[in-house]
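Below is one structure, written out as structure tokens; the observations come after it.
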Amino acid sequence: MRKQDMNRDWIATARTLSEALPYLQRYAGSIVVVKFGGNAMGDDEAMADFARDIVLMRQVGVNPVVVHGGGPMINEMLDKLGIESEFVRGKRVTDKKTVEVVEMVLTGLVNKRIVQAIMDEGGRAVGLSGKDDDLMVCVADDPELGFVGKPVEMNVQVLHDLFAAGIIPVIAPVATGMNENETFNVNGDTAAGAIAGALKADRLLLLTNITGVKNKDGEVITQMTPTEVRDMIADGTIAGGMIPKTETALQAVEEGVRGVVILDGRVANACLLELFTEHGAGSMIRS
Ligand code: X2W
């Protein structure tokens, strides 16, 4: 009895692998940028699951790039230090003291936690921020927001060098400016979109804590064109925090990313479900 059950399991596993072949072939050699938001990061076990998916992608010949957020972790540290911060149109108003905390939390705690998780799963990861090799150079996004950066110049050669070496880049959304000694806090989605655009990535996966873009009846829409997204923003179907996400997606598609998917990162194996199965996950935006 026990033996039969085991046989069934293994046969199903083998079939699953076999069915993945066309998807593995489609994505071999491609570039997939994964935005891992602070809200999508769970406990250590969920982090290990995410890391295993990323290592698996690399193992089957995909070039994954992880761009992370960490908003909740920044909030926690600002609270501890008694520094208040507010959000305007989804972005943190960032003064000099705040940008120091943002840089410490993102490039230190959060970035290294992800690098370590990938290493623990047997991959090779290197953590960097937009400052490293001038990867992402910014100007001030809006005077009202202080040191919040808008990417204006991307230098992605370092990422190609890491791909060639089989190393997974893990990027914190902190950037350098045009002037000496400037540090900018960049929204994680904005940074991921700019990096995916500069790489002309095959996919940008925006992992968050919602199941996707919903229509007026609250159902997740699985496929959308940029025109449909613009119409849904105009008529208010897309609102709140989904606006910056979909705007990032539109810009990325305009810059040559083949498809952007907004999906729930808390679902087990979300990245694999999207890339390597017919099922897919979340909402895909492509022309
Ligand atoms: C974000 C950077 C982190 C981030 C912040 O300070 O919270 C701005 O708002 P999530 O977890 O992806 O939200 N920067 C300018 O984007 O984190």
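Chain labels run A, B, ... following the order of the structure tokens; each chain numbers its residues from 1, and ligands are numbered from 1 in the order shown.
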
Excluding same-chain residues fewer than 4 positions from Gly240 (chain A), what lies within 10 Å of it counting only C-alpha atoms, as a short mmCIF file (atom, residue, chain, number, x, y, z; two decimals) with N, CA and C atoms, in the first residue's frame?
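This went into result08.cif:
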```cif
data_model
loop_
_atom_site.label_atom_id
_atom_site.label_comp_id
_atom_site.auth_asym_id
_atom_site.auth_seq_id
_atom_site.Cartn_x
_atom_site.Cartn_y
_atom_site.Cartn_z
N ARG A 89 1.35 59.89 -2.48
CA ARG A 89 1.14 59.14 -3.74
C ARG A 89 1.98 57.85 -3.77
N GLY A 90 1.96 57.11 -2.66
CA GLY A 90 2.62 55.81 -2.60
C GLY A 90 4.12 55.85 -2.39
N ILE A 233 -7.30 52.65 -15.62
CA ILE A 233 -6.82 53.69 -14.70
C ILE A 233 -7.74 54.91 -14.85
N GLY A 236 -11.13 54.50 -13.20
CA GLY A 236 -11.09 54.28 -11.75
C GLY A 236 -11.16 52.81 -11.33
N PRO A 244 0.60 52.93 -9.07
CA PRO A 244 2.04 52.93 -9.37
C PRO A 244 2.53 51.59 -9.95
N LYS A 245 1.94 50.47 -9.52
CA LYS A 245 2.36 49.16 -10.05
C LYS A 245 2.05 49.05 -11.54
#
```

May I have all residues of region 83-187 of chain A that DSSP, computed from the backbone, assigns to strand (DSSP E or B), given as a ChimeraX atom specification?
-> /A:87-88,91-92,94,125-129,136-140,146,148-154,168-172,174-177,183-185

Kindly export the residues of the current selection with C-alpha atoms, as a PDB file, in the first residue's frame.
```
ATOM      1  CA  PHE A  87       3.720  58.594   2.170  1.00  0.00           C
ATOM      2  CA  VAL A  88       2.604  60.870  -0.652  1.00  0.00           C
ATOM      3  CA  LYS A  91       6.143  57.145  -2.031  1.00  0.00           C
ATOM      4  CA  ARG A  92       7.896  57.826   1.268  1.00  0.00           C
ATOM      5  CA  THR A  94      12.468  61.054   2.570  1.00  0.00           C
ATOM      6  CA  ALA A 125      24.101  35.520  -5.208  1.00  0.00           C
ATOM      7  CA  VAL A 126      25.748  38.923  -4.983  1.00  0.00           C
ATOM      8  CA  GLY A 127      23.989  41.867  -3.362  1.00  0.00           C
ATOM      9  CA  LEU A 128      24.280  45.357  -4.770  1.00  0.00           C
ATOM     10  CA  SER A 129      22.414  48.643  -4.807  1.00  0.00           C
ATOM     11  CA  MET A 136      21.024  53.284 -11.414  1.00  0.00           C
ATOM     12  CA  VAL A 137      21.595  57.048 -11.410  1.00  0.00           C
ATOM     13  CA  CYS A 138      18.698  59.250 -10.264  1.00  0.00           C
ATOM     14  CA  VAL A 139      17.472  62.822 -10.070  1.00  0.00           C
ATOM     15  CA  ALA A 140      14.943  64.027  -7.479  1.00  0.00           C
ATOM     16  CA  GLY A 146      12.911  65.018  -0.660  1.00  0.00           C
ATOM     17  CA  VAL A 148      13.218  60.146  -3.528  1.00  0.00           C
ATOM     18  CA  GLY A 149      14.907  59.249  -6.783  1.00  0.00           C
ATOM     19  CA  LYS A 150      13.680  58.945 -10.350  1.00  0.00           C
ATOM     20  CA  PRO A 151      16.047  56.774 -12.430  1.00  0.00           C
ATOM     21  CA  VAL A 152      17.501  58.698 -15.386  1.00  0.00           C
ATOM     22  CA  GLU A 153      20.572  56.667 -16.322  1.00  0.00           C
ATOM     23  CA  MET A 154      21.023  52.910 -16.156  1.00  0.00           C
ATOM     24  CA  ILE A 168      22.237  35.982  -9.289  1.00  0.00           C
ATOM     25  CA  PRO A 169      22.170  39.780  -8.701  1.00  0.00           C
ATOM     26  CA  VAL A 170      20.092  40.927  -5.705  1.00  0.00           C
ATOM     27  CA  ILE A 171      19.458  44.670  -5.921  1.00  0.00           C
ATOM     28  CA  ALA A 172      18.407  47.163  -3.214  1.00  0.00           C
ATOM     29  CA  VAL A 174      18.903  52.813  -3.334  1.00  0.00           C
ATOM     30  CA  ALA A 175      20.674  54.960  -5.896  1.00  0.00           C
ATOM     31  CA  THR A 176      23.301  57.503  -6.508  1.00  0.00           C
ATOM     32  CA  GLY A 177      22.619  61.005  -7.937  1.00  0.00           C
ATOM     33  CA  THR A 183      21.772  59.139  -2.010  1.00  0.00           C
ATOM     34  CA  PHE A 184      18.252  58.513  -3.262  1.00  0.00           C
ATOM     35  CA  ASN A 185      15.489  56.261  -1.959  1.00  0.00           C
TER      36      ASN A 185
END
```

Any chance you could list, as a PDB file with N, CA and C atoms, in the first residue's frame, the residues in region 69-178 of chain A that come up alpha helix (DSSP H) when DSSP is run on the backbone?
```
ATOM      1  N   GLY A  71       9.637  48.107   2.526  1.00  0.00           N
ATOM      2  CA  GLY A  71       8.906  49.200   3.177  1.00  0.00           C
ATOM      3  C   GLY A  71       8.566  48.899   4.635  1.00  0.00           C
ATOM      4  N   PRO A  72       7.956  47.707   4.934  1.00  0.00           N
ATOM      5  CA  PRO A  72       7.598  47.416   6.328  1.00  0.00           C
ATOM      6  C   PRO A  72       8.820  47.362   7.247  1.00  0.00           C
ATOM      7  N   MET A  73       9.961  46.886   6.717  1.00  0.00           N
ATOM      8  CA  MET A  73      11.180  46.799   7.542  1.00  0.00           C
ATOM      9  C   MET A  73      11.752  48.196   7.807  1.00  0.00           C
ATOM     10  N   ILE A  74      11.608  49.096   6.836  1.00  0.00           N
ATOM     11  CA  ILE A  74      12.052  50.493   7.041  1.00  0.00           C
ATOM     12  C   ILE A  74      11.155  51.140   8.108  1.00  0.00           C
ATOM     13  N   ASN A  75       9.840  50.901   7.998  1.00  0.00           N
ATOM     14  CA  ASN A  75       8.905  51.464   8.991  1.00  0.00           C
ATOM     15  C   ASN A  75       9.284  51.040  10.408  1.00  0.00           C
ATOM     16  N   GLU A  76       9.612  49.742  10.536  1.00  0.00           N
ATOM     17  CA  GLU A  76       9.934  49.203  11.855  1.00  0.00           C
ATOM     18  C   GLU A  76      11.166  49.907  12.444  1.00  0.00           C
ATOM     19  N   MET A  77      12.188  50.093  11.606  1.00  0.00           N
ATOM     20  CA  MET A  77      13.418  50.727  12.099  1.00  0.00           C
ATOM     21  C   MET A  77      13.182  52.208  12.390  1.00  0.00           C
ATOM     22  N   LEU A  78      12.419  52.885  11.530  1.00  0.00           N
ATOM     23  CA  LEU A  78      12.129  54.312  11.789  1.00  0.00           C
ATOM     24  C   LEU A  78      11.376  54.455  13.113  1.00  0.00           C
ATOM     25  N   ASP A  79      10.453  53.527  13.369  1.00  0.00           N
ATOM     26  CA  ASP A  79       9.699  53.542  14.634  1.00  0.00           C
ATOM     27  C   ASP A  79      10.641  53.426  15.828  1.00  0.00           C
ATOM     28  N   LYS A  80      11.559  52.456  15.718  1.00  0.00           N
ATOM     29  CA  LYS A  80      12.506  52.233  16.815  1.00  0.00           C
ATOM     30  C   LYS A  80      13.327  53.483  17.096  1.00  0.00           C
ATOM     31  N   LEU A  81      13.651  54.221  16.021  1.00  0.00           N
ATOM     32  CA  LEU A  81      14.498  55.403  16.163  1.00  0.00           C
ATOM     33  C   LEU A  81      13.674  56.661  16.443  1.00  0.00           C
ATOM     34  N   LYS A  96      16.967  63.767   5.020  1.00  0.00           N
ATOM     35  CA  LYS A  96      18.346  63.276   5.136  1.00  0.00           C
ATOM     36  C   LYS A  96      18.459  62.119   6.141  1.00  0.00           C
ATOM     37  N   LYS A  97      17.818  62.296   7.314  1.00  0.00           N
ATOM     38  CA  LYS A  97      17.902  61.249   8.352  1.00  0.00           C
ATOM     39  C   LYS A  97      17.233  59.960   7.861  1.00  0.00           C
ATOM     40  N   THR A  98      16.092  60.135   7.180  1.00  0.00           N
ATOM     41  CA  THR A  98      15.335  58.964   6.703  1.00  0.00           C
ATOM     42  C   THR A  98      16.117  58.205   5.636  1.00  0.00           C
ATOM     43  N   VAL A  99      16.759  58.936   4.729  1.00  0.00           N
ATOM     44  CA  VAL A  99      17.468  58.244   3.638  1.00  0.00           C
ATOM     45  C   VAL A  99      18.620  57.401   4.208  1.00  0.00           C
ATOM     46  N   GLU A 100      19.200  57.855   5.308  1.00  0.00           N
ATOM     47  CA  GLU A 100      20.275  57.061   5.941  1.00  0.00           C
ATOM     48  C   GLU A 100      19.716  55.740   6.472  1.00  0.00           C
ATOM     49  N   VAL A 101      18.540  55.813   7.089  1.00  0.00           N
ATOM     50  CA  VAL A 101      17.914  54.593   7.623  1.00  0.00           C
ATOM     51  C   VAL A 101      17.499  53.671   6.462  1.00  0.00           C
ATOM     52  N   VAL A 102      16.926  54.263   5.414  1.00  0.00           N
ATOM     53  CA  VAL A 102      16.505  53.477   4.239  1.00  0.00           C
ATOM     54  C   VAL A 102      17.708  52.725   3.672  1.00  0.00           C
ATOM     55  N   GLU A 103      18.830  53.429   3.521  1.00  0.00           N
ATOM     56  CA  GLU A 103      20.014  52.780   2.940  1.00  0.00           C
ATOM     57  C   GLU A 103      20.524  51.652   3.853  1.00  0.00           C
ATOM     58  N   MET A 104      20.534  51.906   5.163  1.00  0.00           N
ATOM     59  CA  MET A 104      21.014  50.876   6.098  1.00  0.00           C
ATOM     60  C   MET A 104      20.118  49.634   6.062  1.00  0.00           C
ATOM     61  N   ASN A 111      18.755  43.200   2.035  1.00  0.00           N
ATOM     62  CA  ASN A 111      19.543  42.667   0.908  1.00  0.00           C
ATOM     63  C   ASN A 111      20.313  41.417   1.333  1.00  0.00           C
ATOM     64  N   LYS A 112      20.963  41.483   2.472  1.00  0.00           N
ATOM     65  CA  LYS A 112      21.792  40.336   2.881  1.00  0.00           C
ATOM     66  C   LYS A 112      20.951  39.131   3.290  1.00  0.00           C
ATOM     67  N   ARG A 113      19.733  39.382   3.798  1.00  0.00           N
ATOM     68  CA  ARG A 113      18.862  38.248   4.142  1.00  0.00           C
ATOM     69  C   ARG A 113      18.521  37.452   2.876  1.00  0.00           C
ATOM     70  N   ILE A 114      18.252  38.168   1.788  1.00  0.00           N
ATOM     71  CA  ILE A 114      17.896  37.487   0.529  1.00  0.00           C
ATOM     72  C   ILE A 114      19.123  36.789  -0.064  1.00  0.00           C
ATOM     73  N   VAL A 115      20.263  37.480  -0.057  1.00  0.00           N
ATOM     74  CA  VAL A 115      21.504  36.873  -0.575  1.00  0.00           C
ATOM     75  C   VAL A 115      21.787  35.569   0.187  1.00  0.00           C
ATOM     76  N   GLN A 116      21.669  35.638   1.501  1.00  0.00           N
ATOM     77  CA  GLN A 116      21.962  34.465   2.329  1.00  0.00           C
ATOM     78  C   GLN A 116      20.984  33.326   2.036  1.00  0.00           C
ATOM     79  N   ALA A 117      19.709  33.663   1.849  1.00  0.00           N
ATOM     80  CA  ALA A 117      18.702  32.631   1.563  1.00  0.00           C
ATOM     81  C   ALA A 117      19.021  31.925   0.243  1.00  0.00           C
ATOM     82  N   ILE A 118      19.450  32.686  -0.762  1.00  0.00           N
ATOM     83  CA  ILE A 118      19.794  32.088  -2.067  1.00  0.00           C
ATOM     84  C   ILE A 118      21.044  31.202  -1.919  1.00  0.00           C
ATOM     85  N   MET A 119      22.043  31.696  -1.191  1.00  0.00           N
ATOM     86  CA  MET A 119      23.255  30.888  -0.951  1.00  0.00           C
ATOM     87  C   MET A 119      22.893  29.590  -0.226  1.00  0.00           C
ATOM     88  N   ASP A 120      21.978  29.689   0.761  1.00  0.00           N
ATOM     89  CA  ASP A 120      21.578  28.508   1.538  1.00  0.00           C
ATOM     90  C   ASP A 120      20.911  27.451   0.659  1.00  0.00           C
ATOM     91  N   GLN A 157      25.697  46.877 -17.452  1.00  0.00           N
ATOM     92  CA  GLN A 157      26.767  45.948 -17.839  1.00  0.00           C
ATOM     93  C   GLN A 157      27.132  45.005 -16.699  1.00  0.00           C
ATOM     94  N   VAL A 158      27.159  45.542 -15.473  1.00  0.00           N
ATOM     95  CA  VAL A 158      27.542  44.707 -14.317  1.00  0.00           C
ATOM     96  C   VAL A 158      26.603  43.498 -14.181  1.00  0.00           C
ATOM     97  N   LEU A 159      25.334  43.682 -14.554  1.00  0.00           N
ATOM     98  CA  LEU A 159      24.380  42.561 -14.447  1.00  0.00           C
ATOM     99  C   LEU A 159      24.699  41.502 -15.504  1.00  0.00           C
ATOM    100  N   HIS A 160      25.038  41.949 -16.717  1.00  0.00           N
ATOM    101  CA  HIS A 160      25.434  40.980 -17.751  1.00  0.00           C
ATOM    102  C   HIS A 160      26.694  40.218 -17.319  1.00  0.00           C
ATOM    103  N   ASP A 161      27.630  40.930 -16.676  1.00  0.00           N
ATOM    104  CA  ASP A 161      28.857  40.273 -16.196  1.00  0.00           C
ATOM    105  C   ASP A 161      28.513  39.204 -15.156  1.00  0.00           C
ATOM    106  N   LEU A 162      27.562  39.523 -14.272  1.00  0.00           N
ATOM    107  CA  LEU A 162      27.162  38.547 -13.253  1.00  0.00           C
ATOM    108  C   LEU A 162      26.438  37.359 -13.887  1.00  0.00           C
ATOM    109  N   PHE A 163      25.580  37.622 -14.891  1.00  0.00           N
ATOM    110  CA  PHE A 163      24.890  36.514 -15.596  1.00  0.00           C
ATOM    111  C   PHE A 163      25.930  35.552 -16.162  1.00  0.00           C
ATOM    112  N   ALA A 164      26.950  36.134 -16.826  1.00  0.00           N
ATOM    113  CA  ALA A 164      27.968  35.298 -17.491  1.00  0.00           C
ATOM    114  C   ALA A 164      28.696  34.428 -16.479  1.00  0.00           C
TER     115      ALA A 164
END
```

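Proximity ranking of A:Thr237, A:Thr246, A:Asn215, A:Thr16 relative to Val260 (chain A) places A:Thr246 first, based on only C-alpha atoms.
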
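Our summary of the geometry notes that CA of Asn179 (chain A) is positioned 18.8 Å from atom 15 (C, counted along the ligand's line) of ligand 1.
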
Excluding Gly166 (chain A) and residues on its chain fewer than 5 positions from it, collect all residues at most 10 Å away from it, counting only C-alpha atoms, and give them as JSON, numbers by chain.
-> {"A": [58, 59, 61, 62, 63, 64, 123, 124, 125, 160, 161]}

Using only C-alpha atoms and all ligand atoms, find the one residue out of A:Val110, A:Leu273, A:Leu21, A:Ala48 that sits nearest to ligand 1.
-> A:Val110

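Proximity to Leu263 (chain A) was assessed for A:Ala196, A:Gly282, A:Pro173, A:Asn181 counting only C-alpha atoms; the smallest distance is recorded for A:Gly282.
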
For CA of Leu272 (chain A) and atom 3 (C, counted along the ligand's line) of ligand 1, quote the distance in Å rounded to one decimal.
-> 24.4 Å

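Taking only C-alpha atoms, the non-local environment of Ser287 (chain A) within 12 Å (same-chain residues fewer than 5 positions away omitted) comprises Gln223, Met224, Thr225, Pro226, Thr227, Glu228, Val229, Ala249, Leu250, Gln251, Ala252, Val253, Glu254, Glu255, Gly256, Val257, Arg258, Gly259 and Val260 of chain A.
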
Just write the chosen residues, N, CA and C atoms, as a CSV table (one decimal), in the first residue's frame.
```csv
chain,number,residue,atom,x,y,z
A,223,GLN,N,-5.1,38.6,-18.5
A,223,GLN,CA,-4.3,39.2,-19.6
A,223,GLN,C,-4.8,40.6,-19.9
A,224,MET,N,-3.9,41.6,-20.0
A,224,MET,CA,-4.3,42.9,-20.4
A,224,MET,C,-3.4,43.6,-21.3
A,225,THR,N,-3.9,44.4,-22.3
A,225,THR,CA,-3.0,45.2,-23.1
A,225,THR,C,-2.7,46.5,-22.4
A,226,PRO,N,-1.6,47.2,-22.8
A,226,PRO,CA,-1.4,48.5,-22.2
A,226,PRO,C,-2.6,49.5,-22.4
A,227,THR,N,-3.3,49.4,-23.5
A,227,THR,CA,-4.4,50.3,-23.8
A,227,THR,C,-5.5,50.0,-22.7
A,228,GLU,N,-5.8,48.7,-22.5
A,228,GLU,CA,-6.8,48.3,-21.5
A,228,GLU,C,-6.5,48.8,-20.1
A,229,VAL,N,-5.2,48.7,-19.8
A,229,VAL,CA,-4.7,49.2,-18.5
A,229,VAL,C,-5.0,50.7,-18.4
A,249,ALA,N,4.4,48.9,-14.9
A,249,ALA,CA,4.3,47.9,-15.9
A,249,ALA,C,4.2,48.5,-17.3
A,250,LEU,N,3.4,49.6,-17.4
A,250,LEU,CA,3.2,50.2,-18.7
A,250,LEU,C,4.6,50.8,-19.2
A,251,GLN,N,5.3,51.4,-18.3
A,251,GLN,CA,6.6,52.0,-18.8
A,251,GLN,C,7.6,50.9,-19.2
A,252,ALA,N,7.6,49.8,-18.4
A,252,ALA,CA,8.5,48.7,-18.7
A,252,ALA,C,8.2,48.1,-20.1
A,253,VAL,N,6.9,47.9,-20.4
A,253,VAL,CA,6.5,47.4,-21.7
A,253,VAL,C,6.9,48.3,-22.8
A,254,GLU,N,6.8,49.6,-22.5
A,254,GLU,CA,7.2,50.6,-23.5
A,254,GLU,C,8.7,50.6,-23.8
A,255,GLU,N,9.4,50.3,-22.7
A,255,GLU,CA,10.9,50.2,-22.9
A,255,GLU,C,11.4,48.9,-23.4
A,256,GLY,N,10.5,48.0,-23.7
A,256,GLY,CA,10.9,46.7,-24.4
A,256,GLY,C,10.8,45.5,-23.6
A,257,VAL,N,10.3,45.5,-22.4
A,257,VAL,CA,10.1,44.3,-21.6
A,257,VAL,C,8.9,43.5,-22.3
A,258,ARG,N,9.1,42.2,-22.5
A,258,ARG,CA,8.1,41.5,-23.3
A,258,ARG,C,6.7,41.3,-22.5
A,259,GLY,N,6.8,41.1,-21.2
A,259,GLY,CA,5.6,40.9,-20.5
A,259,GLY,C,5.8,41.2,-19.0
A,260,VAL,N,4.8,41.9,-18.4
A,260,VAL,CA,4.9,42.2,-16.9
A,260,VAL,C,3.8,41.5,-16.2
```

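A straight line drawn from CA of Leu24 (chain A) to CA of Asn155 (chain A) is 28.7 Å long.
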
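Using only C-alpha atoms and all ligand atoms, the shortest contact distance between ligand 1 and any of A:Ala270, A:Ala281, A:Met41, A:Leu204 is found at A:Met41.
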
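Distances from A:Glu182, A:Glu278, A:Asp189, A:Glu247 to ligand 1 were compared using only C-alpha atoms and all ligand atoms, and the smallest one belongs to A:Asp189.
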
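Remark: for ligand 1, the closest of the candidate residues A:Arg15, A:Lys35, A:Arg286, A:Arg266 is A:Lys35 (distances computed over only C-alpha atoms and all ligand atoms).
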